[in-house]
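File shown: query.cif. Contents: mmCIF, C-alpha atoms and all ligand atoms.
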```
data_entry
#
loop_
_atom_site.group_PDB
_atom_site.id
_atom_site.type_symbol
_atom_site.label_atom_id
_atom_site.label_comp_id
_atom_site.auth_asym_id
_atom_site.auth_seq_id
_atom_site.Cartn_x
_atom_site.Cartn_y
_atom_site.Cartn_z
ATOM 1 C CA MET A 11 6.369 19.410 32.954
ATOM 2 C CA THR A 12 5.764 17.315 30.007
ATOM 3 C CA THR A 13 5.486 13.626 30.255
ATOM 4 C CA ILE A 14 6.569 11.869 27.148
ATOM 5 C CA ARG A 15 5.721 8.252 26.975
ATOM 6 C CA GLU A 16 6.319 5.654 24.430
ATOM 7 C CA VAL A 17 3.337 3.679 23.409
ATOM 8 C CA LYS A 18 2.943 0.943 20.959
ATOM 9 C CA CYS A 19 1.255 1.880 17.781
ATOM 10 C CA PRO A 20 -2.129 0.169 17.847
ATOM 11 C CA LEU A 21 -1.745 -0.696 14.240
ATOM 12 C CA CYS A 22 1.769 -1.849 13.576
ATOM 13 C CA GLY A 23 3.025 -2.245 17.122
ATOM 14 C CA ARG A 24 6.028 -0.058 16.769
ATOM 15 C CA LEU A 25 6.961 2.288 19.533
ATOM 16 C CA SER A 26 5.746 5.775 19.016
ATOM 17 C CA LEU A 27 6.103 8.860 21.085
ATOM 18 C CA TYR A 28 2.944 9.783 22.887
ATOM 19 C CA ALA A 29 3.803 13.416 22.931
ATOM 20 C CA PRO A 30 2.506 16.645 21.464
ATOM 21 C CA THR A 31 5.309 16.425 18.975
ATOM 22 C CA ASN A 32 3.662 13.403 17.515
ATOM 23 C CA PRO A 33 0.459 14.566 15.885
ATOM 24 C CA TYR A 34 -0.383 11.007 14.986
ATOM 25 C CA ARG A 35 -0.321 9.655 18.498
ATOM 26 C CA PRO A 36 -0.954 7.083 19.617
ATOM 27 C CA PHE A 37 -0.045 5.918 16.164
ATOM 28 C CA CYS A 38 3.506 5.979 14.965
ATOM 29 C CA SER A 39 2.847 7.640 11.685
ATOM 30 C CA GLU A 40 0.251 9.305 9.590
ATOM 31 C CA ARG A 41 -0.169 6.185 7.597
ATOM 32 C CA CYS A 42 -1.149 4.096 10.584
ATOM 33 C CA ARG A 43 -3.513 6.762 11.769
ATOM 34 C CA LEU A 44 -5.204 6.996 8.431
ATOM 35 C CA ILE A 45 -5.539 3.280 8.198
ATOM 36 C CA ASP A 46 -7.125 3.163 11.593
ATOM 37 C CA LEU A 47 -9.545 5.888 10.670
ATOM 38 C CA GLY A 48 -10.448 3.998 7.585
ATOM 39 C CA GLU A 49 -9.322 6.815 5.379
ATOM 40 C CA TRP A 50 -6.582 4.772 3.882
ATOM 41 C CA ALA A 51 -8.988 2.496 2.116
ATOM 42 C CA ASP A 52 -11.462 5.244 1.484
ATOM 43 C CA GLY A 53 -10.086 6.143 -1.856
ATOM 44 C CA LYS A 54 -8.075 9.147 -0.811
ATOM 45 C CA TYR A 55 -4.876 7.220 -1.044
ATOM 46 C CA ALA A 56 -6.062 4.698 -3.512
ATOM 47 C CA ILE A 57 -3.590 3.833 -6.161
ATOM 48 C CA PRO A 58 -5.135 4.275 -9.564
ATOM 49 C CA VAL A 59 -5.434 0.970 -11.258
ATOM 50 C CA HIS A 60 -4.723 0.865 -14.896
ATOM 51 C CA LYS A 61 -6.972 -1.685 -16.410
ATOM 52 C CA GLU A 62 -6.726 -2.784 -19.915
ATOM 53 C CA ALA A 63 -9.497 -1.299 -21.934
ATOM 54 C CA GLN A 64 -11.753 -4.159 -22.710
ATOM 55 C CA SER A 65 -14.118 -2.194 -24.881
ATOM 56 C CA TYR A 66 -12.587 -2.201 -28.248
ATOM 57 C CA GLN A 67 -14.642 -1.685 -31.320
ATOM 58 C CA GLU A 68 -14.679 -4.217 -34.002
ATOM 59 C CA GLU A 69 -13.657 -2.709 -37.268
ATOM 60 C CA SER A 70 -15.654 -4.913 -39.463
ATOM 61 C CA GLY A 71 -16.310 -2.126 -41.950
ATOM 62 C CA ASP A 72 -19.557 -3.731 -42.873
ATOM 63 C CA GLU A 73 -21.897 -1.743 -40.646
ATOM 64 C CA ASP A 74 -25.157 -0.245 -41.734
ATOM 65 C CA GLU A 75 -24.464 2.201 -44.468
ATOM 66 C CA ALA A 76 -27.578 4.153 -43.526
ATOM 67 C CA ILE A 77 -25.751 5.668 -40.579
ATOM 68 C CA LEU A 78 -23.279 7.327 -42.877
ATOM 69 C CA SER A 79 -25.912 8.940 -45.067
ATOM 70 C CA ASN A 80 -28.146 9.950 -42.173
ATOM 71 C CA ASN A 81 -25.844 12.683 -40.951
ATOM 72 C CA ASP A 82 -26.601 15.198 -43.642
ATOM 73 C CA ALA A 83 -29.260 17.236 -41.857
ATOM 74 C CA ASP A 84 -28.560 20.911 -41.418
ATOM 75 C CA GLY A 85 -29.549 21.539 -37.804
ATOM 76 C CA ASP A 86 -30.429 25.180 -38.166
ATOM 77 C CA SER A 87 -33.905 24.904 -36.726
ATOM 78 C CA GLU A 88 -33.724 27.834 -34.340
ATOM 79 C CA PRO A 89 -34.168 31.192 -35.968
ATOM 80 C CA GLU A 90 -31.709 33.870 -35.127
ATOM 81 C CA SER A 91 -33.039 36.461 -32.765
HETATM 82 ZN ZN ZN B 101 2.231 2.290 13.228
#
```

Represent the structure contained in this file as structure tokens.
Ligand SMILES: [Zn+2]
Amino acid sequence: MTTIREVKCPLCGRLSLYAPTNPYRPFCSERCRLIDLGEWADGKYAIPVHKEAQSYQEESGDEDEAILSNNDADGDSEPES
């Protein structure tokens, strides 16, 4: 004998089956259950936000010229074994 009841979803208030067939009981859906558990806002379901890249480099072309000529070192310090 299985007693199937209808309960209101604690989150959205819709009727949901309080039955073994409803794994999200007493919530109506997985979404409501996750929200109630706090997992919804925990980043698992977070929508990736595309922000405009605010770090653009100025191409002034008038940087220190020493940086360009300082990259000529042959880094072969370790002897081969
Ligand atoms: Zn619900």

Write as an MDAnalysis selection string the residues around ligand ZN 101 (chain B), taking 6 Å as the cut-off and counting all atoms listed in the file.
-> chainID A and resid 19 21:22 24 37:39 42

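The set of residues that the PyMOL selection byres (((chain A and resi 14) around 9) and not hetatm) takes from this file is Thr12, Thr13, Arg15, Glu16, Leu27, Tyr28, Ala29 and Pro30 of chain A.
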
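Relative to atom CA of A:Leu47, atom CA of A:Pro33 is found at 14.2 Å.
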
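Between atom CA of A:Pro20 and atom CA of A:Pro36 lies a distance of 7.2 Å.
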
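What separates atom CA of A:Thr31 from atom CA of A:Val17 is a distance of 13.6 Å.
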